[in-house]
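Okay, upload.cif now, which holds mmCIF, C-alpha atoms and all ligand atoms:
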```
data_query
#
loop_
_atom_site.label_atom_id
_atom_site.label_comp_id
_atom_site.auth_asym_id
_atom_site.auth_seq_id
_atom_site.Cartn_x
_atom_site.Cartn_y
_atom_site.Cartn_z
CA MET A 1 -15.19 14.65 -16.52
CA LEU A 2 -14.43 18.38 -16.58
CA LEU A 3 -16.83 18.95 -13.68
CA LEU A 4 -15.09 16.19 -11.73
CA ILE A 5 -11.68 17.75 -12.42
CA LYS A 6 -12.96 21.12 -11.21
CA PHE A 7 -14.52 19.59 -8.12
CA LEU A 8 -11.35 17.69 -7.18
CA ASP A 9 -9.23 20.79 -7.70
CA GLN A 10 -11.39 22.69 -5.23
CA HIS A 11 -12.22 20.00 -2.65
CA SER A 12 -9.30 17.58 -2.75
CA GLU A 13 -8.55 17.33 0.97
CA THR A 14 -12.17 17.02 2.11
CA THR A 15 -12.89 14.47 -0.64
CA GLU A 16 -9.92 12.35 0.39
CA LEU A 17 -10.93 12.44 4.03
CA VAL A 18 -14.55 11.50 3.33
CA ILE A 19 -13.55 8.70 0.95
CA PHE A 20 -10.95 7.32 3.36
CA ALA A 21 -13.38 7.34 6.28
CA SER A 22 -16.12 5.68 4.19
CA VAL A 23 -13.83 2.98 2.81
CA LEU A 24 -12.48 2.25 6.26
CA PHE A 25 -15.99 2.04 7.68
CA LEU A 26 -17.19 -0.18 4.85
CA CYS A 27 -14.26 -2.58 4.96
CA TRP A 28 -14.32 -2.69 8.73
CA ASN A 29 -17.90 -3.84 8.68
CA ILE A 30 -17.40 -6.36 5.92
CA GLU A 31 -14.66 -7.81 8.13
CA ASN A 32 -16.95 -7.79 11.13
CA LEU A 33 -19.57 -9.72 9.21
CA ALA A 34 -17.06 -12.32 8.16
CA ALA A 35 -16.71 -15.14 10.63
CA LEU A 36 -12.97 -15.22 9.87
CA THR A 37 -12.31 -12.25 12.10
CA LEU A 38 -14.04 -13.46 15.22
CA ASN A 39 -11.08 -15.38 16.56
CA TYR A 40 -8.62 -12.60 17.21
CA LYS A 41 -8.60 -9.37 19.19
CA LYS A 42 -9.42 -7.09 16.32
CA TRP A 43 -9.68 -3.80 18.20
CA LYS A 44 -6.47 -4.31 20.14
CA HIS A 45 -4.65 -5.20 16.93
CA ALA A 46 -6.08 -2.17 15.15
CA PHE A 47 -5.18 0.12 18.05
CA ILE A 48 -1.51 -0.90 17.84
CA ASN A 49 -1.38 -0.35 14.08
CA ALA A 50 -3.22 2.97 14.46
CA HIS A 51 -0.21 4.38 16.38
CA PHE A 52 1.45 4.79 12.99
CA ILE A 53 -1.11 7.45 12.04
CA VAL A 54 0.49 9.67 14.68
CA THR A 55 4.12 8.83 13.89
CA ASN A 56 3.54 9.50 10.17
CA LEU A 57 1.77 12.81 10.67
CA PRO A 58 4.90 15.04 10.38
CA ASN A 59 5.78 13.37 7.05
CA SER A 60 2.24 13.91 5.74
CA LEU A 61 2.33 17.59 6.64
CA LEU A 62 5.78 18.15 5.16
CA PHE A 63 5.06 16.30 1.93
CA SER A 64 1.65 17.93 1.41
CA ILE A 65 3.50 21.22 1.05
CA LEU A 66 6.27 19.71 -1.11
CA PHE A 67 3.75 18.04 -3.44
CA ALA A 68 1.78 21.26 -3.87
CA LYS A 69 4.97 23.24 -4.62
CA THR A 70 6.28 20.61 -7.06
CA MET A 71 3.02 20.44 -9.00
CA GLN A 72 2.82 24.20 -9.15
CA TRP A 73 6.32 24.26 -10.62
CA THR A 74 5.73 21.49 -13.20
CA MET A 75 2.49 23.19 -14.27
CA HIS A 76 4.22 26.52 -14.64
CA HIS A 77 7.13 25.11 -16.65
CA HIS A 78 5.19 22.37 -18.47
CA PHE A 79 7.75 19.92 -17.14
CA GLY A 80 7.25 16.16 -17.26
CA VAL A 81 6.22 13.33 -19.57
CA VAL A 82 2.48 14.07 -19.54
CA TYR A 83 3.04 17.49 -21.10
CA ILE A 84 4.33 15.80 -24.25
CA PHE A 85 0.99 14.20 -25.08
CA HIS A 86 -1.44 16.23 -22.96
CA PRO A 87 -2.21 18.95 -25.56
CA PHE A 88 -3.31 16.31 -28.09
CA VAL A 89 -5.47 13.96 -26.05
CA HIS A 90 -8.78 13.87 -24.15
CA PRO A 91 -8.48 14.35 -20.32
CA LEU A 92 -9.61 10.76 -19.82
CA ILE A 93 -6.72 9.39 -21.93
CA SER A 94 -4.39 11.76 -20.12
CA PHE A 95 -5.67 10.40 -16.79
CA ILE A 96 -5.24 6.76 -17.85
CA CYS A 97 -1.65 7.37 -18.99
CA SER A 98 -0.75 9.26 -15.81
CA PHE A 99 -2.44 6.57 -13.71
CA LEU A 100 -0.33 3.89 -15.41
CA PHE A 101 2.86 5.93 -14.82
CA LEU A 102 2.05 6.36 -11.13
CA ASP A 103 1.04 2.74 -10.62
CA PHE A 104 4.21 1.55 -12.33
CA GLY A 105 6.15 3.90 -10.02
CA GLU A 106 4.55 2.22 -6.99
CA TYR A 107 5.56 -1.18 -8.37
CA ILE A 108 9.21 -0.08 -8.75
CA TYR A 109 9.16 1.46 -5.29
CA HIS A 110 7.80 -1.75 -3.73
CA VAL A 111 10.43 -3.92 -5.45
CA LEU A 112 13.16 -1.57 -4.15
CA MET A 113 11.80 -1.87 -0.61
CA HIS A 114 12.22 -5.64 -0.85
CA LYS A 115 15.56 -5.74 -2.66
CA SER A 116 17.54 -3.13 -0.73
CA LYS A 117 18.65 -4.58 2.63
CA ARG A 118 18.39 -1.25 4.46
CA LEU A 119 15.00 -0.32 3.00
CA TRP A 120 13.68 -3.81 3.70
CA THR A 121 14.27 -3.38 7.45
CA PHE A 122 11.76 -0.49 7.35
CA HIS A 123 9.28 -2.28 5.07
CA MET A 124 9.50 -5.31 7.35
CA VAL A 125 7.38 -3.45 9.88
CA HIS A 126 4.42 -3.75 7.48
CA HIS A 127 5.19 -7.41 6.79
CA SER A 128 5.71 -8.30 10.44
CA ASP A 129 1.94 -8.16 11.07
CA ARG A 130 0.81 -11.67 12.01
CA ILE A 131 -2.79 -10.78 11.18
CA VAL A 132 -3.44 -8.99 7.90
CA ASP A 133 -6.56 -6.88 7.99
CA ILE A 134 -7.59 -3.36 7.03
CA SER A 135 -5.55 -1.89 9.92
CA THR A 136 -2.36 -3.36 8.38
CA THR A 137 -2.59 -0.59 5.73
CA LEU A 138 -1.75 1.86 8.55
CA ARG A 139 1.27 -0.15 9.71
CA GLU A 140 4.00 1.75 7.93
CA HIS A 141 7.15 2.88 9.75
CA PRO A 142 7.80 6.65 9.44
CA GLY A 143 11.16 5.75 7.84
CA GLU A 144 9.34 3.90 5.06
CA ASN A 145 6.64 6.54 4.91
CA PHE A 146 9.33 9.18 4.25
CA VAL A 147 11.00 7.10 1.52
CA ARG A 148 7.64 6.34 -0.15
CA LEU A 149 6.54 9.96 -0.21
CA ALA A 150 9.97 11.15 -1.40
CA PHE A 151 9.96 8.52 -4.18
CA THR A 152 6.43 9.51 -5.24
CA LEU A 153 7.44 13.17 -5.21
CA VAL A 154 10.33 12.51 -7.62
CA TRP A 155 8.01 10.39 -9.77
CA VAL A 156 5.39 13.15 -9.85
CA LEU A 157 8.10 15.63 -10.84
CA LEU A 158 9.39 13.45 -13.69
CA THR A 159 5.94 12.59 -15.00
CA GLY A 160 4.48 16.08 -14.51
CA THR A 161 1.31 14.60 -12.95
CA PHE A 162 -1.55 17.08 -12.61
CA PHE A 163 -3.02 17.84 -9.21
CA TRP A 164 -6.49 16.45 -9.98
CA VAL A 165 -4.95 13.26 -11.44
CA LEU A 166 -2.97 12.66 -8.27
CA VAL A 167 -6.06 13.20 -6.10
CA LEU A 168 -8.24 10.92 -8.23
CA ARG A 169 -5.51 8.30 -8.25
CA GLN A 170 -5.17 8.62 -4.49
CA ILE A 171 -8.89 7.92 -4.06
CA ILE A 172 -8.68 4.80 -6.24
CA GLN A 173 -5.55 3.72 -4.35
CA ILE A 174 -7.24 4.06 -0.94
CA PHE A 175 -10.07 1.78 -2.15
CA SER A 176 -7.72 -0.68 -3.71
CA THR A 177 -5.17 -0.91 -0.85
CA SER A 178 -7.88 -1.21 1.78
CA ILE A 179 -9.62 -3.98 -0.14
CA ALA A 180 -6.30 -5.77 -0.79
CA HIS A 181 -5.70 -5.96 2.98
CA ILE A 182 -9.20 -6.92 3.97
CA ASN A 183 -9.47 -9.97 6.21
CA TYR A 184 -12.00 -11.59 3.93
CA ARG A 185 -11.60 -13.93 1.03
CA LEU A 186 -13.38 -13.28 -2.20
CA PRO A 187 -14.77 -16.40 -3.89
CA GLN A 188 -11.76 -17.94 -5.63
CA LYS A 189 -13.18 -17.58 -9.14
CA LEU A 190 -13.94 -13.89 -8.59
CA ASP A 191 -10.48 -13.31 -7.09
CA ARG A 192 -8.85 -14.96 -10.12
CA PHE A 193 -11.03 -12.97 -12.54
CA LEU A 194 -10.30 -9.59 -10.89
CA GLY A 195 -6.67 -10.60 -10.39
CA PHE A 196 -6.07 -10.49 -14.15
CA VAL A 197 -5.93 -6.72 -13.85
CA PHE A 198 -6.10 -5.77 -10.16
CA ILE A 199 -4.29 -6.67 -6.95
CA THR A 200 -6.96 -8.62 -5.08
CA PRO A 201 -7.02 -9.67 -1.39
CA GLY A 202 -6.01 -13.17 -2.53
CA LEU A 203 -2.93 -11.84 -4.36
CA HIS A 204 -1.86 -9.46 -1.60
CA GLN A 205 -2.29 -12.14 1.06
CA VAL A 206 0.25 -14.24 -0.86
CA HIS A 207 2.62 -11.22 -0.65
CA HIS A 208 2.17 -11.33 3.15
CA HIS A 209 3.06 -15.05 3.32
CA TYR A 210 5.97 -15.50 5.74
CA GLN A 211 8.37 -17.21 3.33
CA ASN A 212 9.99 -16.58 0.00
CA PRO A 213 9.50 -16.73 -2.93
CA TYR A 214 5.95 -15.67 -1.98
CA THR A 215 6.98 -12.59 0.04
CA ASP A 216 8.92 -11.37 -3.00
CA SER A 217 5.93 -11.51 -5.33
CA ASN A 218 2.72 -9.61 -6.17
CA TYR A 219 4.33 -6.19 -5.67
CA GLY A 220 1.59 -4.32 -7.56
CA ASP A 221 -0.30 -1.50 -5.89
CA VAL A 222 -3.60 -1.12 -7.76
CA LEU A 223 -2.84 -3.12 -10.92
CA SER A 224 -1.42 -6.63 -11.16
CA ILE A 225 -0.30 -6.14 -14.78
CA TRP A 226 3.25 -5.12 -13.77
CA ASP A 227 3.69 -8.39 -11.88
CA ARG A 228 2.52 -10.27 -14.97
CA ILE A 229 4.88 -8.33 -17.24
CA PHE A 230 7.93 -8.76 -14.96
CA GLY A 231 7.13 -12.34 -13.88
CA THR A 232 6.61 -11.61 -10.18
CA LEU A 233 2.99 -12.80 -9.95
CA ARG A 234 2.42 -15.83 -7.73
CA ARG A 235 -0.58 -17.64 -6.35
CA MET A 236 -0.81 -20.25 -3.60
CA PRO A 237 -3.72 -22.08 -1.99
CA PRO A 238 -5.35 -19.62 0.46
CA GLU A 239 -5.41 -22.18 3.27
CA GLU A 240 -1.59 -22.42 3.12
CA VAL A 241 -0.98 -18.69 3.58
CA VAL A 242 0.73 -17.83 6.89
CA PHE A 243 1.15 -14.15 7.65
CA GLY A 244 4.41 -12.70 8.95
CA ILE A 245 8.12 -12.86 8.18
CA ASP A 246 10.28 -15.93 8.74
CA THR A 247 13.11 -13.79 10.16
CA TYR A 248 10.81 -12.00 12.59
CA MET A 249 8.19 -14.17 14.22
CA ARG A 250 7.35 -12.89 17.67
CA ASP A 251 5.15 -14.09 20.48
CA LYS A 252 1.89 -12.33 21.26
CA GLU A 253 3.39 -10.11 23.93
CA GLU A 254 5.98 -8.57 21.65
CA GLU A 255 3.56 -8.40 18.74
CA ASN A 256 1.29 -6.29 20.93
CA ASN A 257 4.04 -3.86 21.89
CA PHE A 258 4.16 -0.80 19.65
CA ILE A 259 7.66 0.28 20.75
CA SER A 260 9.03 -3.14 19.89
CA ILE A 261 7.43 -3.00 16.42
CA PHE A 262 8.72 0.55 15.93
CA LYS A 263 12.29 -0.57 16.69
CA ILE A 264 12.32 -3.41 14.13
CA PRO A 265 14.47 -1.48 11.58
CA PHE A 266 17.14 -0.91 14.21
CA LYS A 267 17.34 -4.46 15.56
CA ASP A 268 20.00 -6.98 14.69
CA LEU A 269 17.97 -9.68 13.01
CA LYS A 270 20.83 -11.98 12.05
CA GLN A 271 20.18 -14.19 15.03
CA GLU A 272 16.46 -14.60 14.33
CA ASP A 273 14.98 -18.05 14.12
CA LYS A 274 13.13 -19.30 11.07
CA SER A 275 10.65 -21.57 12.72
CA THR A 276 7.36 -22.39 11.03
CA PRO A 277 4.62 -20.59 12.88
CA GLU A 278 0.97 -21.34 13.26
CA ASN A 279 -1.26 -18.87 11.51
CA PRO A 280 -2.96 -16.86 14.25
CA VAL A 281 -6.17 -16.45 12.25
CA GLY A 282 -6.23 -20.12 11.48
CA SER A 283 -6.51 -19.54 7.73
ZN ZN A 301 6.02 -5.75 0.57
ZN ZN A 302 0.41 -5.19 2.63
#
```
Show this structure as structure tokens.
Amino acid sequence: MLLLIKFLDQHSETTELVIFASVLFLCWNIENLAALTLNYKKWKHAFINAHFIVTNLPNSLLFSILFAKTMQWTMHHHFGVVYIFHPFVHPLISFICSFLFLDFGEYIYHVLMHKSKRLWTFHMVHHSDRIVDISTTLREHPGENFVRLAFTLVWVLLTGTFFWVLVLRQIIQIFSTSIAHINYRLPQKLDRFLGFVFITPGLHQVHHHYQNPYTDSNYGDVLSIWDRIFGTLRRMPPEEVVFGIDTYMRDKEEENNFISIFKIPFKDLKQEDKSTPENPVGS
């Protein structure tokens, strides 16, 4: 454990990059092997979502510096919840507690994105994807990206999260979020078993269903325990899941236009229709 802490402290950025690339590659190929993905234009879809890597770059650069400065400050002043118990516990216990704090923070953040009308218009960009696959993880409007990073920064400040904990948590989160968005269904029994603790593809696909109350459920990031505790966990038969948002169902042409997707938070959606769409992946 101590060796791992030391390694992450020294190689955090490279480790994150290698892990992210490997997870992406792995999930991408699992999707390719699954017959489910053969009936849509996967590369075109991924290319549109990949535009968000570029638009979110300035936020990533800015917040990398802010996170480093904040953690330096909390370490120097022993500020934050973890410093209360840290001197008395093993690093592993310290990691588990910090992990739970951070994951709970992500749950609160996600609920806020759904409940605040203004924030929802930004989060809608992620939900507007009519095909949920690994590339959907990239589909985050820079407005939301900014709010998410700012929220996490405040959370890190309050909890006093250590640098290595944040990096390790980030690695687990990349795995978990990528797998949750994978266009592949785990066997139902396995999905139910894992879903007792984790957000599985089955649970996150319900969150991407186009209608409430399903959209407003399964908010968890890595763990599903918060949804169980706060009564927001829902399941539905996988074959009934239809991806998208009832207030923003667009035809293929508009769905394939990045500028149009980017402008979603600034559109007047009051006039939108709520028609029942066909699921484009036929699931
Ligand atoms: Zn959501
Ligand atoms: Zn999602």
Review point. Which residues sit within 10 Å of ligand ZN 302 (chain A), counting all atoms listed in the file, listed as a ChimeraX atom specification?
Key: /A:123,126-129,132-140,177-178,180-182,201,204-208,219,221
Revision key, fill the gap. Between A:Trp43, A:Phe162, A:Phe151, A:Phe193, smallest distance to A:Ser98 by all atoms listed in the file belongs to A:Phe162
Review point. How many Å lie between atom CA of A:Val125 and atom CA of A:Leu203, rounded to one decimal?
Key: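 These two atoms are separated by 19.5 Å.
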Exercise for review: Would you kindly identify which residues have an atom no farther than 12 Å from (9.1, 8.2, -2.2), using only C-alpha atoms and the file's own coordinates, and write them out as a count of residues only?
Suggested key: 31
Practice item. Extract, using only C-alpha atoms, all DNA, RNA and protein residues at most 9 Å from A:His114, discarding same-chain residues fewer than 6 positions from it, and format them as a ChimeraX atom specification. Key: /A:120-121,123-124,215-216
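With atom CA of A:Arg118 on one side and atom CA of A:Val241 on the other, the separation reads 26.1 Å.
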